[in-house]
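Enquirer: Provided herewith is a single structure, encoded as structure tokens, for subsequent inquiry.
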Amino acid sequence: MSTDAAAKGNLKVTPARRRRRMPPEANIFLVLIAIALVYELLGWIFVGQSFLFNQQRLTIMILQVSVIGIIAVGVTQVIITGGIDLSSGSVVGMTAMLSASVAQSSTWPRALYPSLTDMPFFVPIGVGIIAGLLAGFINGQLIARTKIPPFIATLGMMVTARGISKWYTKGQPVSGLTENFTFIGTGIWPVVVFLAVAIIFHIALRYTRYGKFTYAIGANVQAARVSGINIEAHLVKVYAIAGMLAGLAGVVTAARAQTAQAGMGVMYELDAIAAAVIGGTSLAGGAGRITGTVIGTVILGVMTSGFTFLRVDAYYQEIVKGMIIVAAVVTDVYRQKKRAKV
């Protein structure tokens, strides 16, 4: 009798176990395939061309999403802790200006710092990354030490960083960049940087103490504190990393454009948040994966490229993007309620 009961129990448990073995990103990946196939079908109906089998279009799309992807990796970690980062787009603009200003060629007649021209490529790259790291560190200190809500702290940094980028050159663009700096934005290099960042932090979140602490804080901050985690120090670390990745994205952006302008990175923070949420990162904290964020970033890129391919006006694109973000958040809320019932 007990054997029969155990057998029945196994029959009930086995499908659930099989479902749990499915990676959480599987459904998101299926959504990506479905969206791509819809654009392929609409392309043949309305344009008479293939959407998927156009190498130039796909290359441009991947290059465009790589910068958002770099930011999204950092934003994902912030959201997992239960926070938010609204400053990343402005930090991109600020760091693009700062790094470009020390990457100018001596042949450029209007160099911002004539004595600092023709610098080795690692100097402007380092300047951009360190400036982003500093911005993220300030965010983390404000949130962890003064208990300011992340929304307010990063909103303040968003405005401040954008103001610095405009003040730095009085609104003038920075051009005449050296080739040994712009190489990081040419060819496949932005994608290589994005994938390298994604792999590094996927490993860090999944297999290291840093990742365990990050998830623990987002899941239950009081339980994490009782278990001995230094909440304040870890939050500073997470926000500093997010700022550093935004700085790296600013460097890549300036290198790709071969110039820097104060308006760079506008709305990038919302795209990065959208990529993370679409990829399954919960705004309630405690859940999310870098692999899902990568897929969410590609979904955003496919949608933008698809709308352009179908010649849909830009303002319609923004409307649809906003609807998708809301739908992703609603789905997350439903998922959280279902998980709480279980």
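Residues are referred to by chain and number: the chain letter is A, B, ... according to the order shown in the structure tokens, the number counts from 1 in that chain, and ligands are numbered separately from 1 in the order shown.
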Give me, as CSV, the closest atom pair and its distance (Å, one decimal) for every residue of stretch 188-303 of chain A within a cut-off of 12 Å of stretch 85-94 of chain A, counting only C-alpha atoms, rows sorted by chain and rising number.

Expert:
residue,atom,partner,partner_atom,distance
A:Val238,CA,A:Asp85,CA,10.7
A:Tyr239,CA,A:Asp85,CA,8.1
A:Ala240,CA,A:Asp85,CA,11.0
A:Ile241,CA,A:Ser88,CA,11.2
A:Ala242,CA,A:Ser88,CA,7.8
A:Gly243,CA,A:Ser88,CA,6.7
A:Met244,CA,A:Val91,CA,9.3
A:Leu245,CA,A:Ser88,CA,8.7
A:Ala246,CA,A:Ser88,CA,5.5
A:Gly247,CA,A:Val92,CA,5.7
A:Leu248,CA,A:Val92,CA,7.9
A:Ala249,CA,A:Val92,CA,6.1
A:Gly250,CA,A:Val92,CA,4.0
A:Val251,CA,A:Val92,CA,7.7
A:Val252,CA,A:Val92,CA,9.3
A:Thr253,CA,A:Val92,CA,7.8
A:Ala254,CA,A:Gly93,CA,8.8
A:Thr259,CA,A:Gly93,CA,11.3
A:Ala260,CA,A:Gly93,CA,7.8
A:Gln261,CA,A:Gly93,CA,7.0
A:Ala262,CA,A:Gly93,CA,5.6
A:Gly263,CA,A:Gly93,CA,6.3
A:Met264,CA,A:Gly93,CA,4.6
A:Gly265,CA,A:Gly89,CA,4.5
A:Val266,CA,A:Gly89,CA,5.6
A:Met267,CA,A:Gly89,CA,6.0
A:Tyr268,CA,A:Gly89,CA,4.6
A:Glu269,CA,A:Gly89,CA,4.7
A:Leu270,CA,A:Leu86,CA,7.5
A:Asp271,CA,A:Gly89,CA,9.2
A:Ala272,CA,A:Ser88,CA,8.6
A:Ile273,CA,A:Asp85,CA,8.3
A:Ala274,CA,A:Leu86,CA,11.8
A:Ala276,CA,A:Asp85,CA,11.8
A:Leu283,CA,A:Asp85,CA,11.6

Enquirer: Quick one: residues within 7 Å of A:Val236, only C-alpha atoms counted, chain neighbours fewer than 6 positions away excluded, as a PDB file with C-alpha atoms, in the first residue's frame?

Expert:
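Just written: out-v2.pdb:
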ATOM      1  CA  PHE A 137      29.724  54.562  -5.949  1.00  0.00           C
ATOM      2  CA  GLY A 140      25.420  53.364  -3.615  1.00  0.00           C
ATOM      3  CA  GLN A 141      26.632  55.545  -0.760  1.00  0.00           C
ATOM      4  CA  ALA A 144      23.112  52.576   1.672  1.00  0.00           C
TER       5      ALA A 144
END

Enquirer: Could you find all residues in stretch 98-260 of chain A that DSSP calls helix (DSSP H, G or I) from the backbone, and write them as a PyMOL selection string?

Expert: chain A and resi 98-101+114-116+122-146+150-168+179-185+189-207+209-219+221-226+231-257

Enquirer: Counting only C-alpha atoms, what is within 9 Å of A:Ala219, bar same-chain residues fewer than 6 positions away, as number ranges by chain?

Expert: A: 80-82, 284-287

Enquirer: Using only C-alpha atoms, find the one residue out of A:Tyr334, A:Phe122, A:Phe46, A:Tyr315 that sits nearest to A:Thr182.

Expert: A:Phe122

Enquirer: Within 10 Å of stretch 23-42 of chain A, which residues of stretch 48-67 of chain A come that close, and what is the closest atom pair and distance in Å for each? Count only C-alpha atoms and give it as CSV.

Expert:
residue,atom,partner,partner_atom,distance
A:Gly48,CA,A:Leu42,CA,8.7
A:Gln49,CA,A:Glu40,CA,8.2
A:Ser50,CA,A:Glu40,CA,5.8
A:Phe51,CA,A:Glu40,CA,4.9
A:Leu52,CA,A:Glu40,CA,6.2
A:Phe53,CA,A:Glu40,CA,8.8

Enquirer: Compile the contact shell of stretch 187-192 of chain A as a ChimeraX atom specification: residues with an atom at most 7 Å away, counting only C-alpha atoms, same-chain residues fewer than 4 positions apart removed.

Expert: /A:63,66,196,252

Enquirer: Put those residues in a file: N, CA and C atoms, as a compact mmCIF listing (two decimals), in the first residue's frame.

Expert:
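This went into selection.txt:
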# COMPACT_ATOMS: atom_id res chain seq x y z
N LEU A 63 24.80 45.33 -33.23
CA LEU A 63 25.69 46.39 -32.79
C LEU A 63 24.94 47.44 -31.98
N SER A 66 24.14 46.20 -28.39
CA SER A 66 25.27 45.84 -27.53
C SER A 66 25.49 46.86 -26.42
N ALA A 196 31.36 39.49 -23.33
CA ALA A 196 32.34 39.27 -22.27
C ALA A 196 31.78 39.74 -20.92
N VAL A 252 32.24 52.85 -25.29
CA VAL A 252 31.91 52.17 -26.55
C VAL A 252 31.06 53.07 -27.44
